[in-house]
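K.L.:
What follows is my_file-v1.cif, mmCIF, C-alpha atoms (C1' of nucleotides).
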data_my_file
#
loop_
_atom_site.label_atom_id
_atom_site.label_comp_id
_atom_site.auth_asym_id
_atom_site.auth_seq_id
_atom_site.Cartn_x
_atom_site.Cartn_y
_atom_site.Cartn_z
CA MET O 28 74.75 87.46 208.87
CA GLY O 29 77.74 86.93 206.59
CA THR O 30 80.93 85.03 207.26
CA ALA O 31 83.99 86.22 209.11
CA SER O 32 86.32 84.26 206.83
CA PRO O 33 88.65 85.93 204.30
CA LYS O 34 87.23 86.80 200.91
CA SER O 35 87.63 84.44 198.01
CA ALA O 36 89.88 85.59 195.19
CA SER O 37 86.90 86.22 192.96
CA ALA O 38 85.11 88.20 195.64
CA VAL O 39 88.20 90.36 196.00
CA MET O 40 88.37 90.96 192.24
CA GLN O 41 84.69 91.76 192.18
CA ALA O 42 85.08 94.23 195.04
CA GLU O 43 88.07 95.82 193.35
CA SER O 44 86.30 96.42 190.09
CA ASN O 45 83.28 97.76 191.95
CA ILE O 46 85.50 100.34 193.56
CA LEU O 47 87.17 101.29 190.31
CA ALA O 48 83.81 101.47 188.55
CA ALA O 49 82.45 103.73 191.28
CA LEU O 50 85.42 106.07 190.85
CA GLU O 51 84.93 106.02 187.10
CA GLU O 52 81.24 106.85 187.37
CA HIS O 53 82.03 109.58 189.83
CA GLY O 54 84.17 111.18 187.13
CA SER O 55 87.54 110.68 188.82
CA ARG O 56 90.81 110.01 187.06
CA MET O 57 92.28 106.57 187.30
CA THR O 58 95.62 106.97 189.02
CA TRP O 59 98.14 104.57 190.43
CA PRO O 60 97.45 105.54 194.08
CA ARG O 61 93.74 104.97 193.56
CA ARG O 62 94.32 101.58 192.04
CA GLN O 63 96.54 100.70 195.02
CA LEU O 64 93.84 101.78 197.41
CA ALA O 65 91.18 99.83 195.52
CA ARG O 66 93.31 96.70 195.70
CA THR O 67 93.90 97.15 199.40
CA LEU O 68 90.31 97.92 200.32
CA ALA O 69 88.98 95.08 198.19
CA ARG O 70 90.99 92.57 200.19
CA ARG O 71 89.67 93.73 203.54
CA THR O 72 86.89 92.04 205.38
CA GLY O 73 85.11 93.76 208.24
CA SER O 74 85.83 97.35 209.12
CA PHE O 75 89.03 99.35 209.22
CA SER O 76 90.40 102.69 210.29
CA ALA O 77 91.91 105.23 207.92
CA GLU O 78 95.24 104.97 209.72
CA GLU O 79 95.36 101.22 209.19
CA ILE O 80 95.14 101.88 205.47
CA VAL O 81 97.74 104.64 205.65
CA ALA O 82 100.10 102.29 207.48
CA GLY O 83 99.50 99.51 204.98
CA LEU O 84 100.33 101.72 202.01
CA PRO O 85 103.47 103.61 203.00
CA THR O 86 104.12 104.72 199.44
CA LEU O 87 100.93 106.80 199.44
CA GLY O 88 100.63 110.08 201.24
CA ARG O 89 98.34 110.39 204.23
CA ALA O 90 96.32 113.09 202.54
CA THR O 91 95.82 110.95 199.47
CA VAL O 92 94.40 108.12 201.52
CA TYR O 93 92.01 110.38 203.40
CA ARG O 94 91.03 112.18 200.20
CA THR O 95 90.32 108.94 198.41
CA LEU O 96 88.33 107.52 201.30
CA ARG O 97 86.18 110.63 201.22
CA LEU O 98 85.82 110.26 197.48
CA LEU O 99 84.67 106.68 197.82
CA GLY O 100 82.18 107.82 200.43
CA GLU O 101 80.80 110.38 197.99
CA ALA O 102 80.77 107.73 195.29
CA GLY O 103 78.53 105.73 197.60
CA ILE O 104 80.75 102.67 197.92
CA LEU O 105 82.29 103.27 201.32
CA CYS O 106 80.66 104.07 204.64
CA LYS O 107 82.09 105.70 207.69
CA THR O 108 80.56 104.51 210.92
CA THR O 109 81.20 105.43 214.51
CA MET O 110 81.96 102.93 217.23
CA PRO O 111 80.19 103.41 220.57
CA GLY O 112 83.32 105.00 222.02
CA GLY O 113 83.42 107.50 219.16
CA SER O 114 86.24 106.21 216.98
CA PRO O 115 85.48 106.10 213.26
CA ARG O 116 85.56 102.92 211.20
CA TYR O 117 85.21 102.50 207.47
CA SER O 118 83.57 99.65 205.60
CA LEU O 119 82.83 98.84 201.99
CA ASP O 120 79.22 99.21 201.02
CA GLY O 121 77.04 96.87 199.10
CA ALA O 122 73.39 97.65 198.59
CA HIS O 123 71.64 100.95 198.38
CA HIS O 124 69.84 102.19 201.41
CA HIS O 125 70.86 100.29 204.52
CA HIS O 126 71.89 100.68 208.12
CA HIS O 127 74.76 99.27 210.10
CA LEU O 128 74.96 96.52 212.62
CA VAL O 129 78.21 96.98 214.48
CA CYS O 130 79.82 94.33 216.65
CA VAL O 131 81.31 95.94 219.74
CA GLY O 132 83.69 93.00 220.10
CA CYS O 133 85.43 92.58 216.75
CA GLU O 134 84.20 95.81 215.14
CA ARG O 135 82.77 93.86 212.26
CA ILE O 136 80.17 95.93 210.43
CA ASP O 137 77.25 94.33 208.64
CA GLU O 138 74.57 95.98 206.62
CA PHE O 139 70.91 95.39 207.09
CA ARG O 140 67.57 96.64 205.91
CA HIS O 141 64.28 96.04 207.53
CA PRO O 142 60.78 97.29 206.78
CA SER O 143 60.26 98.17 210.43
CA ILE O 144 62.83 100.91 210.05
CA GLU O 145 61.18 102.52 207.07
CA ARG O 146 57.89 102.21 208.86
CA MET O 147 59.35 103.91 211.88
CA LEU O 148 60.74 106.72 209.74
CA ARG O 149 57.38 107.27 208.08
CA ALA O 150 55.72 107.39 211.48
CA MET O 151 58.28 109.90 212.72
CA ASN O 152 57.84 112.01 209.62
CA ALA O 153 54.17 112.25 210.41
CA HIS O 154 54.77 112.76 214.12
CA ILE O 155 57.12 115.72 213.93
CA GLY O 156 55.63 118.56 211.96
CA THR O 157 58.68 119.41 209.91
CA GLU O 158 60.65 118.25 206.94
CA LEU O 159 63.01 115.39 207.79
CA VAL O 160 66.24 115.71 205.82
CA GLY O 161 68.28 112.76 207.04
CA HIS O 162 68.80 110.17 209.71
CA ARG O 163 71.54 108.19 211.33
CA LEU O 164 70.89 104.79 212.79
CA GLU O 165 73.37 102.31 214.12
CA LEU O 166 72.70 99.15 216.08
CA TYR O 167 75.43 97.78 218.32
CA HIS O 168 75.56 94.13 219.19
CA ARG O 169 77.94 91.35 220.09
CA CYS O 170 78.21 88.89 217.24
CA ASP O 171 78.05 85.13 217.70
CA VAL O 172 81.78 84.66 217.30
CA CYS O 173 82.52 87.27 219.92
CA ARG O 174 79.96 86.04 222.36
CA GLU O 175 81.27 82.50 222.18
CA SER O 176 84.87 83.56 222.55
CA GLY O 177 84.09 86.21 225.15
CA GLN O 178 85.64 88.92 222.97
CA GLY O 179 84.92 92.57 223.65
CA GLY O 180 84.53 93.36 227.31
CA GLU O 181 81.33 94.52 228.95
CA ASP O 182 82.94 97.81 229.78
CA ILE O 183 81.97 99.64 226.63
CA HIS O 184 81.55 103.22 227.67
CA MET O 185 78.47 104.51 225.96
CA HIS O 186 77.81 107.49 228.14
CA GLY O 187 78.03 111.00 226.92
CA THR O 188 77.96 109.74 223.37
CA HIS O 189 74.24 109.33 223.20
CA VAL O 190 74.44 105.65 222.53
CA HIS O 191 71.64 104.05 224.43
CA ALA O 192 72.18 100.82 226.22
CA HIS O 193 69.44 98.23 225.94
CA MET Z 2 58.24 121.22 219.60
CA GLY Z 3 59.39 123.70 222.27
CA THR Z 4 60.15 127.38 221.91
CA ALA Z 5 63.33 128.96 220.62
CA SER Z 6 63.05 131.86 223.08
CA PRO Z 7 65.43 132.33 226.02
CA LYS Z 8 64.67 130.48 229.22
CA SER Z 9 62.73 132.14 231.98
CA ALA Z 10 64.62 132.92 235.16
CA SER Z 11 62.85 130.11 236.95
CA ALA Z 12 63.62 127.63 234.19
CA VAL Z 13 67.28 128.58 234.45
CA MET Z 14 67.27 128.09 238.21
CA GLN Z 15 65.51 124.78 237.79
CA ALA Z 16 68.06 123.63 235.22
CA GLU Z 17 70.93 124.77 237.42
CA SER Z 18 69.76 122.82 240.43
CA ASN Z 19 69.11 119.78 238.25
CA ILE Z 20 72.72 119.89 237.16
CA LEU Z 21 74.02 120.33 240.68
CA ALA Z 22 71.76 117.57 241.93
CA ALA Z 23 73.01 115.23 239.21
CA LEU Z 24 76.61 115.92 240.22
CA GLU Z 25 75.71 115.35 243.84
CA GLU Z 26 74.00 112.05 243.11
CA HIS Z 27 76.93 111.03 241.00
CA GLY Z 28 79.11 111.42 244.08
CA SER Z 29 81.12 114.39 242.88
CA ARG Z 30 82.42 117.20 245.01
CA MET Z 31 80.81 120.58 244.78
CA THR Z 32 83.48 122.97 243.60
CA TRP Z 33 83.58 126.52 242.34
CA PRO Z 34 84.36 125.54 238.72
CA ARG Z 35 81.50 123.09 238.68
CA ARG Z 36 79.09 125.66 240.01
CA GLN Z 37 80.27 128.06 237.32
CA LEU Z 38 79.72 125.45 234.66
CA ALA Z 39 76.27 124.61 236.02
CA ARG Z 40 75.27 128.28 235.93
CA THR Z 41 76.53 128.66 232.39
CA LEU Z 42 74.96 125.51 231.02
CA ALA Z 43 71.65 126.22 232.74
CA ARG Z 44 71.32 129.51 230.86
CA ARG Z 45 71.85 127.98 227.46
CA THR Z 46 69.06 127.10 225.12
CA GLY Z 47 69.62 124.83 222.16
CA SER Z 48 72.91 123.07 221.65
CA PHE Z 49 76.49 124.17 222.15
CA SER Z 50 80.05 123.07 221.54
CA ALA Z 51 82.58 122.39 224.28
CA GLU Z 52 84.79 125.16 222.96
CA GLU Z 53 81.97 127.69 223.23
CA ILE Z 54 81.80 126.87 226.91
CA VAL Z 55 85.58 127.03 227.29
CA ALA Z 56 85.59 130.45 225.64
CA GLY Z 57 82.75 131.66 227.83
CA LEU Z 58 84.51 130.66 231.06
CA PRO Z 59 88.10 131.83 230.63
CA THR Z 60 88.83 131.38 234.32
CA LEU Z 61 88.34 127.62 234.03
CA GLY Z 62 90.88 125.33 232.44
CA ARG Z 63 90.05 123.62 229.19
CA ALA Z 64 90.53 120.21 230.73
CA THR Z 65 88.16 121.06 233.57
CA VAL Z 66 85.43 121.98 231.14
CA TYR Z 67 85.87 118.80 229.13
CA ARG Z 68 86.09 116.67 232.25
CA THR Z 69 82.95 118.18 233.70
CA LEU Z 70 81.02 117.81 230.46
CA ARG Z 71 81.96 114.14 230.44
CA LEU Z 72 80.95 113.88 234.06
CA LEU Z 73 77.56 115.37 233.29
CA GLY Z 74 77.20 112.92 230.45
CA GLU Z 75 77.88 110.05 232.82
CA ALA Z 76 75.48 111.57 235.31
CA GLY Z 77 72.86 111.36 232.56
CA ILE Z 78 72.02 115.04 232.36
CA LEU Z 79 73.96 116.02 229.25
CA CYS Z 80 73.99 114.49 225.79
CA LYS Z 81 76.57 114.69 223.10
CA THR Z 82 75.16 114.54 219.61
CA THR Z 83 76.81 114.63 216.22
CA MET Z 84 75.81 117.04 213.46
CA PRO Z 85 75.53 115.61 209.94
CA GLY Z 86 78.96 117.00 209.10
CA GLY Z 87 80.47 115.25 212.10
CA SER Z 88 81.01 118.08 214.58
CA PRO Z 89 79.87 117.33 218.12
CA ARG Z 90 77.22 119.36 219.94
CA TYR Z 91 76.13 119.12 223.54
CA SER Z 92 72.66 119.64 224.96
CA LEU Z 93 71.05 119.38 228.36
CA ASP Z 94 68.87 116.36 228.81
CA GLY Z 95 65.44 116.10 230.21
CA ALA Z 96 63.61 112.80 230.21
CA HIS Z 97 64.95 109.30 230.42
CA HIS Z 98 65.17 107.33 227.23
CA HIS Z 99 64.83 109.57 224.20
CA HIS Z 100 66.32 110.31 220.84
CA HIS Z 101 67.40 113.52 219.21
CA LEU Z 102 65.83 115.63 216.55
CA VAL Z 103 68.54 117.90 215.24
CA CYS Z 104 67.89 121.00 213.14
CA VAL Z 105 70.51 121.28 210.43
CA GLY Z 106 69.88 125.01 210.21
CA CYS Z 107 70.18 126.38 213.75
CA GLU Z 108 71.59 123.21 215.38
CA ARG Z 109 68.76 123.24 217.87
CA ILE Z 110 68.38 119.81 219.44
CA ASP Z 111 65.05 118.53 220.67
CA GLU Z 112 64.28 115.30 222.40
CA PHE Z 113 61.56 112.96 221.34
CA ARG Z 114 60.20 109.55 222.09
CA HIS Z 115 57.85 107.57 219.96
CA PRO Z 116 56.46 104.07 220.28
CA SER Z 117 57.31 103.33 216.65
CA ILE Z 118 60.98 103.46 217.58
CA GLU Z 119 60.69 100.96 220.40
CA ARG Z 120 58.59 98.79 218.12
CA MET Z 121 61.28 99.00 215.46
CA LEU Z 122 63.98 98.07 217.96
CA ARG Z 123 61.99 95.06 219.15
CA ALA Z 124 61.54 93.98 215.56
CA MET Z 125 65.25 94.34 214.89
CA ASN Z 126 66.09 92.44 218.02
CA ALA Z 127 64.04 89.54 216.72
CA HIS Z 128 65.37 89.92 213.18
CA ILE Z 129 69.06 89.74 213.93
CA GLY Z 130 69.95 86.63 215.83
CA THR Z 131 72.26 88.21 218.36
CA GLU Z 132 72.24 90.25 221.51
CA LEU Z 133 71.70 93.96 220.83
CA VAL Z 134 73.70 96.05 223.29
CA GLY Z 135 72.96 99.60 222.17
CA HIS Z 136 71.75 101.88 219.45
CA ARG Z 137 72.27 105.34 218.12
CA LEU Z 138 69.48 107.17 216.35
CA GLU Z 139 69.39 110.75 215.24
CA LEU Z 140 66.87 112.44 212.99
CA TYR Z 141 67.90 115.56 211.09
CA HIS Z 142 65.36 118.09 210.00
CA ARG Z 143 64.93 121.75 209.26
CA CYS Z 144 62.84 123.38 211.94
CA ASP Z 145 59.96 125.74 211.18
CA VAL Z 146 61.92 128.84 212.09
CA CYS Z 147 64.78 127.85 209.81
CA ARG Z 148 62.56 126.90 206.93
CA GLU Z 149 60.70 130.19 207.05
CA SER Z 150 63.87 132.23 207.29
CA GLY Z 151 65.74 130.09 204.79
CA GLN Z 152 68.45 129.33 207.37
CA GLY Z 153 70.82 126.44 206.85
CA GLY Z 154 71.71 125.89 203.21
CA GLU Z 155 70.82 122.83 201.20
CA ASP Z 156 74.47 121.97 200.89
CA ILE Z 157 74.71 119.79 203.96
CA HIS Z 158 77.27 117.19 203.12
CA MET Z 159 76.01 113.92 204.44
CA HIS Z 160 78.15 111.63 202.39
CA GLY Z 161 80.78 109.44 203.87
CA THR Z 162 79.28 110.02 207.28
CA HIS Z 163 76.57 107.45 206.88
CA VAL Z 164 73.84 109.96 207.33
CA HIS Z 165 71.11 109.00 204.90
CA ALA Z 166 69.26 111.65 203.01
CA HIS Z 167 65.52 111.27 202.73
"C1'" DG F 20 93.20 121.46 262.60
"C1'" DT F 21 94.99 117.78 260.09
"C1'" DA F 22 94.93 114.20 256.86
"C1'" DC F 23 93.16 112.33 252.87
"C1'" DT F 24 91.83 112.34 248.45
"C1'" DG F 25 89.30 114.55 244.70
"C1'" DT F 26 89.83 118.27 241.71
"C1'" DC F 27 92.30 122.07 239.57
"C1'" DA F 28 94.96 124.65 235.73
"C1'" DA F 29 98.62 124.31 232.59
"C1'" DT F 30 100.72 121.97 229.37
"C1'" DA F 31 101.88 118.65 226.18
"C1'" DC F 32 100.07 115.20 223.67
"C1'" DT F 33 96.93 112.15 220.61
"C1'" DC F 34 93.80 111.20 217.00
"C1'" DA F 35 91.40 112.14 212.90
"C1'" DG F 36 91.47 114.47 209.70
"C1'" DT F 37 91.91 119.25 206.34
"C1'" DA F 38 94.40 123.18 203.87
"C1'" DT F 39 98.11 124.64 201.15
"C1'" DC F 40 100.98 124.33 197.34
"C1'" DA F 41 104.52 123.33 194.09
"C1'" DA F 42 105.45 119.26 191.28
"C1'" DT F 43 103.53 115.78 188.50
"C1'" DA F 44 100.47 112.79 185.95
"C1'" DA F 45 96.09 111.82 183.37
"C1'" DT F 46 93.18 113.09 179.87
"C1'" DA F 47 91.54 116.16 176.00
"C1'" DT F 48 92.65 118.40 172.01
"C1'" DA F 49 95.14 119.92 167.87
"C1'" DT C 14 101.99 112.29 168.53
"C1'" DA C 15 102.84 116.57 170.79
"C1'" DT C 16 100.86 119.82 173.53
"C1'" DA C 17 97.66 122.04 176.57
"C1'" DT C 18 94.68 121.63 180.37
"C1'" DT C 19 93.38 120.35 184.63
"C1'" DA C 20 93.08 116.82 188.29
"C1'" DT C 21 95.84 114.65 191.51
"C1'" DT C 22 99.75 113.89 194.42
"C1'" DG C 23 102.82 114.03 198.57
"C1'" DA C 24 104.99 116.89 202.03
"C1'" DT C 25 104.08 119.62 205.42
"C1'" DA C 26 101.75 122.38 208.52
"C1'" DC C 27 97.65 123.05 210.56
"C1'" DT C 28 92.91 122.43 212.93
"C1'" DG C 29 89.36 120.61 216.14
"C1'" DA C 30 88.21 117.84 219.76
"C1'" DG C 31 89.55 115.99 223.12
"C1'" DT C 32 92.93 113.02 226.80
"C1'" DA C 33 97.12 112.25 229.87
"C1'" DT C 34 100.13 114.07 233.15
"C1'" DT C 35 101.47 116.57 237.03
"C1'" DG C 36 102.31 119.30 240.95
"C1'" DA C 37 99.43 122.51 243.45
"C1'" DC C 38 95.26 123.17 245.84
"C1'" DA C 39 90.68 122.64 247.97
"C1'" DG C 40 86.58 119.81 250.02
"C1'" DT C 41 85.31 116.73 253.19
"C1'" DA C 42 85.85 113.50 257.15
"C1'" DC C 43 87.60 112.94 261.36
#
Do you think you could lay out the structure here as structure tokens?

P.N.:
Amino acid sequence: MGTASPKSASAVMQAESNILAALEEHGSRMTWPRRQLARTLARRTGSFSAEEIVAGLPTLGRATVYRTLRLLGEAGILCKTTMPGGSPRYSLDGAHHHHHLVCVGCERIDEFRHPSIERMLRAMNAHIGTELVGHRLELYHRCDVCRESGQGGEDIHMHGTHVHAH
Amino acid sequence: MGTASPKSASAVMQAESNILAALEEHGSRMTWPRRQLARTLARRTGSFSAEEIVAGLPTLGRATVYRTLRLLGEAGILCKTTMPGGSPRYSLDGAHHHHHLVCVGCERIDEFRHPSIERMLRAMNAHIGTELVGHRLELYHRCDVCRESGQGGEDIHMHGTHVHAH
DNA sequence: GTACTGTCAATACTCAGTATCAATAATATA
DNA sequence: TATATTATTGATACTGAGTATTGACAGTAC
């Protein structure tokens, strides 16, 4: 389900131009702060918090970082996901419609698609009598790396956040 | 899918003793603030925010309200759900394992279960190679009442929050 | 009734953003 | 190229949703 190793130089460049292209298509101006952000995000693997990005780019204003992250979300190239405990994490998006597989150990976020999900949604659409307008689905797991190394304690509090344990 | 009308007196009493029983079973002391909270929550229909409850019980401290809501979550009788825009809503829980159907108009939250969901989860468990530890699934819709009355604009921003439009 | 310990209210704090706004920079146009 | 237009920026203050702390107090066990 993808590697945990750092991105190759070409993958980083690819990611960077994807981000810039998304901004372009979204009709946004190409500014120095946005280029900085694109460079920084393109290098990242896994997920990250907004504050990590803020801290890594001290020359940019907090508001600018948050604004641009929102922009990239609207441009469809960045996703905001919620950890079981409730804290938000961002990750770069690849494909179109997908859901997130979140490791509760290392907070790595992978995308997945599966026909069983679409099938389930169709069944639900028929089951409830009304017009479905959206859905949110996240699966939490412990990835191979984390299981082997014992990362990410068992004491994930999932209560009160409507995350169901299996 | 349930009525939007206020609860009957007996339903309120039932809900209230359910809450108190859950606290009891959870090993918590029976105090005046908790009884107040139980009374208040039992009367509510639909979903509510923590601050609504705080405002409605000015004799209780903010922290007490939040603590007790968390407690009730742990006791398995209250669920915290997230609206598409990200704001949290609480609702009293009935059955055991269920998911939430959230109306984006009136913020009413209903519970549902459906075999297609469990089937989907089993399929996903087989599909990904790792140990699933939890999931979060919410379906957003516009309920009949809201559709007829045109409640809840079309301008629900779902971007950047990883809520997928249908 | 006394001790023990859970719970309380008040307060200050954190985290994750958003609103405001004057200054500035990117693009469009002449 | 110069100028006009408008988007964007960074600083700052603010909000919403909670959590941590603490000394006072109240439930329960004995």

K.L.:
For the PyMOL selection byres ((chain Z) within 12 of (chain C)), applied here, can you spell out every residue it catches as JSON, numbers by chain?

P.N.:
{"Z": [29, 30, 31, 32, 33, 34, 50, 51, 52, 63, 64, 65, 66, 67, 68, 70, 71, 87, 88, 89, 90]}

K.L.:
Select residues of chain F: the criterion is any atom within 10 Å of an atom of chain O, counting only C-alpha atoms (C1' of nucleotides); output as a list in words.

P.N.:
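Per the criterion, chain F yields DC34, DA35, DG36, DT37, DA44, DA45 and DT46 of chain F.
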
K.L.:
Just C-alpha atoms (C1' of nucleotides) for this one: save the residues we selected as a PDB file, in the frame of the given file.

P.N.:
ATOM      1  C1'  DC F  34      93.800 111.200 217.000  1.00  0.00           C
ATOM      2  C1'  DA F  35      91.400 112.140 212.900  1.00  0.00           C
ATOM      3  C1'  DG F  36      91.470 114.470 209.700  1.00  0.00           C
ATOM      4  C1'  DT F  37      91.910 119.250 206.340  1.00  0.00           C
ATOM      5  C1'  DA F  44     100.470 112.790 185.950  1.00  0.00           C
ATOM      6  C1'  DA F  45      96.090 111.820 183.370  1.00  0.00           C
ATOM      7  C1'  DT F  46      93.180 113.090 179.870  1.00  0.00           C
TER       8       DT F  46
END

K.L.:
So what do you get for atom CA of Leu164 of chain O versus atom CA of Glu75 of chain Z, distance-wise?

P.N.:
21.9 Å

K.L.:
Just to confirm, what's the straight-line distance from atom CA of Asp111 of chain Z to atom CA of Val13 of chain Z in Å (one decimal)?

P.N.:
17.2 Å

K.L.:
Please determine, counting all atoms listed in the file, which residue among Z:His27, Z:His128, Z:Arg40, Z:His136 has the shortest atom-to-atom distance to chain O.

P.N.:
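Closest candidate: Z:His136.
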
K.L.:
For the atom pair atom CA of Ala82 of chain O and atom CA of Glu165 of chain O, what is the interatomic distance in Å to one decimal place?

P.N.:
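Between atom CA of Ala82 of chain O and atom CA of Glu165 of chain O the gap works out to 27.5 Å.
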